[in-house]
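What follows is a single structure, written as structure tokens, with notes after it.
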Protein chains: 2
Amino acid sequence: MKVVVVGGVAGGMSAAARLRRLDEAAEIVVLERDDYVSFANCGLPYHIGGDIEDREALLLQTPESLRASLDLDVRRGHEVFELDRTARTVRVRDRLHGEIYTEDYDNLILATGATPLLPPLPGVDNPRIRTLRNIPDMDAIISILDSGVRSAVVVGGGYIGLEMVEALVHRGVDVTLVEASDQVMTALDREMARQLEDHLTSHGVTVLLGRRAQAFADGGAGRIEVDLGDEQVTADLVVLAIGVKPTSELARSAGLAVAQSGAVIVDGQMRTSDPSIFAVGDSVQVTDTVTGEPVVVPLAGPANRQGRVAADAIAGRVGSVYTSTQGTGIVKVFDLTAGMTGVNERTLIRLGRDYRKVHVHPNGHASYYPGTHAMHMKVLFDGSDGRLLGGQVVGVDGVDKRIDVLAVAIRAEMTIEDLEHLELAYAPPYGSAKDPINMAGFVGGNLMRSDVDLWYAEEWPELPAGVVLLDVRSPAEHAEWSIPGSLLIPHKQLRERLDEIPRGATVYTYCRSGFRSYLAQRILVQNGWTDAKTLAGGELTFRAVHPDGSSGWAQYPVVSYAEEELAARRPAHTR
Amino acid sequence: MKVVVVGGVAGGMSAAARLRRLDEAAEIVVLERDDYVSFANCGLPYHIGGDIEDREALLLQTPESLRASLDLDVRRGHEVFELDRTARTVRVRDRLHGEIYTEDYDNLILATGATPLLPPLPGVDNPRIRTLRNIPDMDAIISILDSGVRSAVVVGGGYIGLEMVEALVHRGVDVTLVEASDQVMTALDREMARQLEDHLTSHGVTVLLGRRAQAFADGGAGRIEVDLGDEQVTADLVVLAIGVKPTSELARSAGLAVAQSGAVIVDGQMRTSDPSIFAVGDSVQVTDTVTGEPVVVPLAGPANRQGRVAADAIAGRVGSVYTSTQGTGIVKVFDLTAGMTGVNERTLIRLGRDYRKVHVHPNGHASYYPGTHAMHMKVLFDGSDGRLLGGQVVGVDGVDKRIDVLAVAIRAEMTIEDLEHLELAYAPPYGSAKDPINMAGFVGGNLMRSDVDLWYAEEWPELPAGVVLLDVRSPAEHAEWSIPGSLLIPHKQLRERLDEIPRGATVYTYCRSGFRSYLAQRILVQNGWTDAKTLAGGELTFRAVHPDGSSGWAQYPVVSYAEEELAARRPAHTR
């Protein structure tokens, strides 16, 4: 059996390596268009920023090491430009030697990845406008930086864009982030992304949301003028990180089934519409774990596992199936971590799903043990059966852990009430006896059982007529910030001061994070105010939903991550 | 309705608080024998060691704050010494005023906790021999430390014992740890605990395993001589942390059903054999999630959740059930973290269960991103259907996350093969495209599908006659350490040197962690050596199983956690 793999990074190389382990006799040829195989593409921004000092650390394998270890025939600089499905051959261009040859196959694996989107804008071909996808891209950016860069514009606030912003700031560059949407990290919901935008600003980054680069012009002295329509930003370097599209020209031109998105259509064994051709990684369409919809999710983890599944299929392991992708992702933005898994609220609204949501703000670990901060956690679940649909967490410590717990719970088709009962590891340095995950479960479980009724920050300012807005925080907290028109009764005084609240009124309670107002709501409901509700996520979520202060309250942030404490937490190499 | 809660810390206070939220009208009396309620008992060692500077941080609530917030009648220093189930009354001693009174109840919640075991040894009543369970215990230890302590003996290597060892070392005390078992942390298996013992030793702790304190004598100058039988250790302070027993005298004397372990028997709603009496926390017997056996698991998380369930039951929330405890636990030992969930191998052997196991040693996050180390991960699963039975992890970074993922997977009744497909959060600072959890799944899945066959370090030195022990590491690794009698063929040379291995021989391969030897095994099996096996966990696990070097190999540790790098990772407050 001869298997040709087109593309030698994550998905392709996983497939080739797995196939060799399953079949010592197979002839396996890996054709990689570029000059590097099996490199650490997720590490590129961190070498630019200096966290990863040694460039060699990113080069995990060479054709020689892969030959010796796995008997793979890996050819760099060999580009497949034609696929003849009838003859079962590919046409290959050896870029180094300028030769063209034909390679036949019994099975073909397309791991052609994705290509950075390059908007067709005037001046986009300026050599100081770069994208970041591979080692040469990285080298080019470093070379420009080394030539002296004081300012940069990063276009696009997704994973790569945010990681590049941080890398450039680490290099001492003055960075402007331009994002066409009204938020960074669109996998997050709007109010969750807010934490990141604020944190970027606190690190000196100029964040321009809802702005689109419209043209690039020569700004003089090797600089680039980025035209945003109403203003121009001049910089020494522009990094375009507006997303990627599946690299599927080969599949399409050979007549394989390709979705409108440009992604190759595959079955559970990663087989394309041609049974001898498989496709894996960033170029394929997968099924969304939660919605069942077809989606394109260019992430390294899925690519690696898809490669294994394709190899299993070729080796006759029929039980191996890639079922779905749930979009579990995570990004480091200076001292913050933001993660998500499953679907976000925007998607649920688009799909018209019956859903409910909770916002909680627990600390990463026991508050009395040093080094922890309140996180923002949002969990979405089915409105009728409570099944988990999505989770988002932004915070300083313990974020990745809670995202992984939610990721497993979603995969296991657990409900919000199941989160109440999860038995997670607790000691003061690691968590709380009631873990943040349990807390989300408690709130959501109470909601499902109607022990709590929530009102949401989005309702503001269109509240029901006659509603009593009840602030149950302390007088000091009230004096610092409150929702206009609030009545202040600290929750500990509520039982004695119930007569200050009109009988029969609808009461919207709120506090800082949602716990004290829940206590207040329970008191009210049981004393005759049957239409009392608790502000979901409290002040912390409210101010993230309404950040601009235009209605009279202070600017975000509410949570001030004390800089000196954060600095002490950083590993030495990033300080 | 009047509810009396006996015990005002984790389980009892959770029950009281939850009940108030559900029932504003209930009369709720909390009777706490000691002088503190709702304190952070898990934080006690960390205040002794100085990580938590402020003693007040441990005192989460007072009777006054609980009255104001939750309208609870909390009475400190009130000890319940008699329970009359027919009259539905308890007899209470007010220790401060020396008064005795009767309190009636409609429902009673027993949250009497557990009592440190105190061995009936000669001299154990020495005031410098202490246990640690509550605030006065902590204050007493600190008082002794402040009076000048240069050396201490900690008896017992469980959670409290290990946390106390670290706390005392932080205080500059010379510590000897005495443990009767042949390992610390008996929730771990022997080879996993080894990492902790070695790490303790590297921090200057004298670790004496398989040794039992037999008597305590006056060592002169306020010192204590601890008699271990064959030797005596003299110290300024002795901390006894040999475990706890359920505090169930009240339940027992009132005729409630109590197990032989001393734990109170309850149903899924935490109801005792008397339908108006509930019991929660460290004093109750629960069902083991994995084995279904009755067990006693004194942990804070379960106690808190049991308290909620009891309150739910009293308030008529019949759907709320406490199903089981899986023993998820975690402990910090200087720079190491050790966690476990589900059952360990010892338990599976005792039960005669058909099980299989994998050992893997992945890094906490991408190896090319700084600040990560190889961890020791062991996963146990059912030998026929692959269902997860238990997990243990010891390492530096990312340990708690993997334990929580395994904890959820066990709760969800996932199999080892399900771990292959989990989609966990990946970016270089947080994990790997193939997460450690996926890696354990890959190895275990291969084992279930017979794509790998493992041999185990425990088989040594009684290997099958005629077996070829094949070291596939590098010559340099081989020179440094090898299993006696090994044939060295680096895995990259194996295909060319197959003729050096006798045809038809049984071949036991090994490498450092188990991956290269797996590659070698796959080559061998497909070239006619059908009885080739891979050493599970490689050298790293082998040397943990056989640490003493008595057979000619070097002392543990293999993984040297570079001290300067670890130091850089520590939060500033612990440096």
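Identifiers in this document derive from the order of the structure tokens: chains are assigned A, B, ..., residues are numbered from 1 separately in each chain, and ligands are numbered from 1 in order of occurrence.
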Quick check: residues of chain A within 6 Å of chain B, only C-alpha atoms, returned as a list in words.
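Residues of chain A within 6 Å of chain B, counting only C-alpha atoms: Arg21, Ile52, Ala57, Ala68, Ser69, Ala300, Gly301, Thr328, Gly329, Ile330, Tyr368, Tyr369, Lys401, Asp404, Val405, Leu424, Ala425, Ala433, Lys492, Arg522, Ala568, Arg569, Pro571 and Ala572 of chain A.
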Residue selection dump (N, CA and C atoms) as a short mmCIF file (atom, residue, chain, number, x, y, z; two decimals), in the first residue's frame:
```cif
data_model
loop_
_atom_site.label_atom_id
_atom_site.label_comp_id
_atom_site.auth_asym_id
_atom_site.auth_seq_id
_atom_site.Cartn_x
_atom_site.Cartn_y
_atom_site.Cartn_z
N ARG A 21 2.85 3.47 12.47
CA ARG A 21 2.79 2.61 13.64
C ARG A 21 1.84 1.44 13.41
N ILE A 52 9.66 32.22 23.97
CA ILE A 52 10.43 31.07 23.50
C ILE A 52 11.69 31.63 22.86
N ALA A 57 13.68 25.42 18.98
CA ALA A 57 12.68 24.71 19.80
C ALA A 57 11.37 24.52 19.05
N ALA A 68 14.29 8.35 9.98
CA ALA A 68 14.94 7.42 10.91
C ALA A 68 13.93 6.82 11.90
N SER A 69 13.07 7.67 12.40
CA SER A 69 12.17 7.20 13.45
C SER A 69 10.97 6.44 12.88
N ALA A 300 -5.57 23.19 16.39
CA ALA A 300 -4.52 22.16 16.33
C ALA A 300 -4.96 20.83 16.92
N GLY A 301 -5.68 20.86 18.01
CA GLY A 301 -6.08 19.61 18.66
C GLY A 301 -6.93 18.74 17.74
N THR A 328 -13.34 24.05 21.52
CA THR A 328 -12.66 24.41 22.75
C THR A 328 -11.41 25.22 22.41
N GLY A 329 -11.32 26.42 22.96
CA GLY A 329 -10.18 27.26 22.63
C GLY A 329 -9.75 28.07 23.83
N ILE A 330 -8.53 28.57 23.75
CA ILE A 330 -8.01 29.34 24.88
C ILE A 330 -6.97 30.31 24.35
N TYR A 368 -8.83 32.96 50.72
CA TYR A 368 -7.90 33.26 51.81
C TYR A 368 -6.48 32.78 51.52
N TYR A 369 -6.31 32.05 50.42
CA TYR A 369 -4.97 31.63 50.03
C TYR A 369 -4.49 32.59 48.95
N LYS A 401 -8.42 25.28 33.55
CA LYS A 401 -9.00 24.11 34.22
C LYS A 401 -10.51 24.09 34.10
N ASP A 404 -11.65 23.21 30.63
CA ASP A 404 -11.53 21.78 30.35
C ASP A 404 -12.63 20.97 31.04
N VAL A 405 -12.95 21.34 32.26
CA VAL A 405 -14.04 20.64 32.95
C VAL A 405 -15.35 20.82 32.17
N LEU A 424 -14.62 17.82 42.38
CA LEU A 424 -13.35 18.30 41.81
C LEU A 424 -12.31 18.46 42.91
N ALA A 425 -11.06 18.50 42.47
CA ALA A 425 -9.95 18.50 43.43
C ALA A 425 -9.93 19.80 44.21
N ALA A 433 -13.91 24.52 48.21
CA ALA A 433 -14.74 23.37 48.54
C ALA A 433 -15.97 23.36 47.63
N LYS A 492 -28.17 42.52 54.74
CA LYS A 492 -28.29 42.13 56.14
C LYS A 492 -29.36 42.91 56.89
N ARG A 522 -34.54 35.62 47.86
CA ARG A 522 -35.19 34.53 48.59
C ARG A 522 -36.03 35.09 49.74
N ALA A 568 4.06 39.60 40.37
CA ALA A 568 4.70 38.58 41.20
C ALA A 568 4.32 37.17 40.75
N ARG A 569 3.16 37.05 40.12
CA ARG A 569 2.71 35.73 39.68
C ARG A 569 3.36 35.29 38.37
N PRO A 571 5.81 34.04 35.55
CA PRO A 571 7.08 33.32 35.51
C PRO A 571 8.21 34.31 35.22
N ALA A 572 9.38 34.00 35.73
CA ALA A 572 10.50 34.92 35.62
C ALA A 572 10.78 35.32 34.17
#
```
Apply DSSP to the structure's backbone, then extract all residues of segment 31-165 of chain A labelled helix (DSSP H, G or I) and return them as a short mmCIF file (atom, residue, chain, number, x, y, z; two decimals) with C-alpha atoms, in the first residue's frame.
```cif
data_model
loop_
_atom_site.label_atom_id
_atom_site.label_comp_id
_atom_site.auth_asym_id
_atom_site.auth_seq_id
_atom_site.Cartn_x
_atom_site.Cartn_y
_atom_site.Cartn_z
CA ASN A 41 2.93 26.67 14.54
CA CYS A 42 1.14 27.60 17.77
CA GLY A 43 4.49 28.72 19.14
CA LEU A 44 5.25 31.30 16.47
CA PRO A 45 3.93 34.38 18.32
CA TYR A 46 5.80 33.33 21.45
CA HIS A 47 9.13 33.22 19.67
CA ILE A 48 8.44 36.64 18.18
CA GLY A 49 7.62 37.96 21.65
CA ARG A 55 13.99 29.26 17.34
CA GLU A 56 15.15 25.65 17.06
CA ALA A 57 12.68 24.71 19.80
CA LEU A 58 9.89 25.26 17.27
CA PRO A 63 12.74 14.84 7.14
CA GLU A 64 15.84 13.03 8.38
CA SER A 65 14.50 12.44 11.88
CA LEU A 66 11.17 11.32 10.46
CA ARG A 67 12.89 8.92 8.10
CA ALA A 68 14.94 7.42 10.91
CA SER A 69 12.17 7.20 13.45
CA LEU A 70 9.14 6.42 11.30
CA ILE A 135 8.21 29.71 10.03
CA PRO A 136 9.12 31.97 7.07
CA ASP A 137 6.27 34.31 8.07
CA MET A 138 7.70 34.41 11.58
CA ASP A 139 11.23 34.98 10.34
CA ALA A 140 10.04 37.84 8.16
CA ILE A 141 8.29 39.56 11.05
CA ILE A 142 11.32 39.13 13.32
CA SER A 143 13.55 40.49 10.61
CA ILE A 144 11.40 43.61 10.31
CA LEU A 145 11.30 43.97 14.10
CA ASP A 146 15.05 43.63 14.30
CA TYR A 159 -6.28 34.14 18.56
CA ILE A 160 -3.34 35.12 16.35
CA GLY A 161 -4.11 38.82 16.50
CA LEU A 162 -4.19 38.88 20.30
CA GLU A 163 -1.10 36.73 20.64
CA MET A 164 0.72 39.02 18.21
CA VAL A 165 -0.37 42.10 20.14
#
```
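Across the model, the gap from atom CA of Val239 of chain A to atom CA of Gly219 of chain A is 15.8 Å.
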Test item: residues at most 7 Å from Arg211 of chain A, only C-alpha atoms, excluding those fewer than 4 positions along its chain, as JSON, numbers by chain:
{"A": [178, 179, 180, 228]}
What gap, in Å, lies between atom CA of Val3 of chain B and atom CA of Asp499 of chain A?
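Rounded to one decimal, the two atoms are 27.5 Å apart.
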Give me the residues within 8 Å of Gly262 of chain A as a list in words, counting only C-alpha atoms and dropping any in the same chain fewer than 2 places off.
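Here the answer would be Lys245, Pro246, Thr247, Ser248, Val258, Ala259, Gln260, Val264 and Ser283 of chain A.
Going from atom CA of Gln269 of chain A to atom CA of Thr291 of chain A covers 20.0 Å.
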With DSSP run on the backbone, what are the strand (DSSP E) residues within segment 71-102 of chain B? I'd like them as an MDAnalysis selection string.
chainID B and resid 73:76 78:84 89:94 99:102
Would you mind telling me which residue in A:Gly444, A:Gly538, A:Pro475, A:Gly158 lies nearest to Ala241 of chain A when using only C-alpha atoms?
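Closest residue, counting only C-alpha atoms: A:Gly158.
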Could you pull the residues within 12 Å of segment 476-478 of chain A, counting only C-alpha atoms, minus those fewer than 2 positions along the same chain, as a ChimeraX atom specification?
/A:470-474,480-490,510-512,539,553,558
Could you give me, as a PyMOL selection string, the residues within 12 Å of Leu200 of chain A, counting only C-alpha atoms and dropping anything in the same chain fewer than 6 positions from it?
chain A and resi 157+161-166+169+174-177+184+193-194+206-208+332-336+557
For the residues in that selection, give me C-alpha atoms as a CSV table (one decimal), in the first residue's frame.
```csv
chain,number,residue,atom,x,y,z
A,157,GLY,CA,-8.6,40.5,17.3
A,161,GLY,CA,-4.1,38.8,16.5
A,162,LEU,CA,-4.2,38.9,20.3
A,163,GLU,CA,-1.1,36.7,20.6
A,164,MET,CA,0.7,39.0,18.2
A,165,VAL,CA,-0.4,42.1,20.1
A,166,GLU,CA,1.1,40.7,23.3
A,169,VAL,CA,4.2,44.8,23.3
A,174,ASP,CA,3.6,50.6,20.5
A,175,VAL,CA,0.6,48.6,19.2
A,176,THR,CA,-2.8,49.6,17.8
A,177,LEU,CA,-5.3,46.7,17.4
A,184,VAL,CA,-12.2,41.1,20.1
A,193,ALA,CA,-14.6,39.9,25.5
A,194,ARG,CA,-14.8,43.2,27.4
A,206,THR,CA,-4.8,51.2,21.5
A,207,VAL,CA,-7.9,49.1,20.8
A,208,LEU,CA,-10.1,50.3,17.9
A,332,LYS,CA,-3.4,34.2,26.8
A,333,VAL,CA,-3.6,38.0,26.8
A,334,PHE,CA,-0.9,39.3,29.1
A,335,ASP,CA,-2.1,38.3,32.6
A,336,LEU,CA,-5.5,37.2,31.5
A,557,PRO,CA,-12.9,47.9,35.1
```
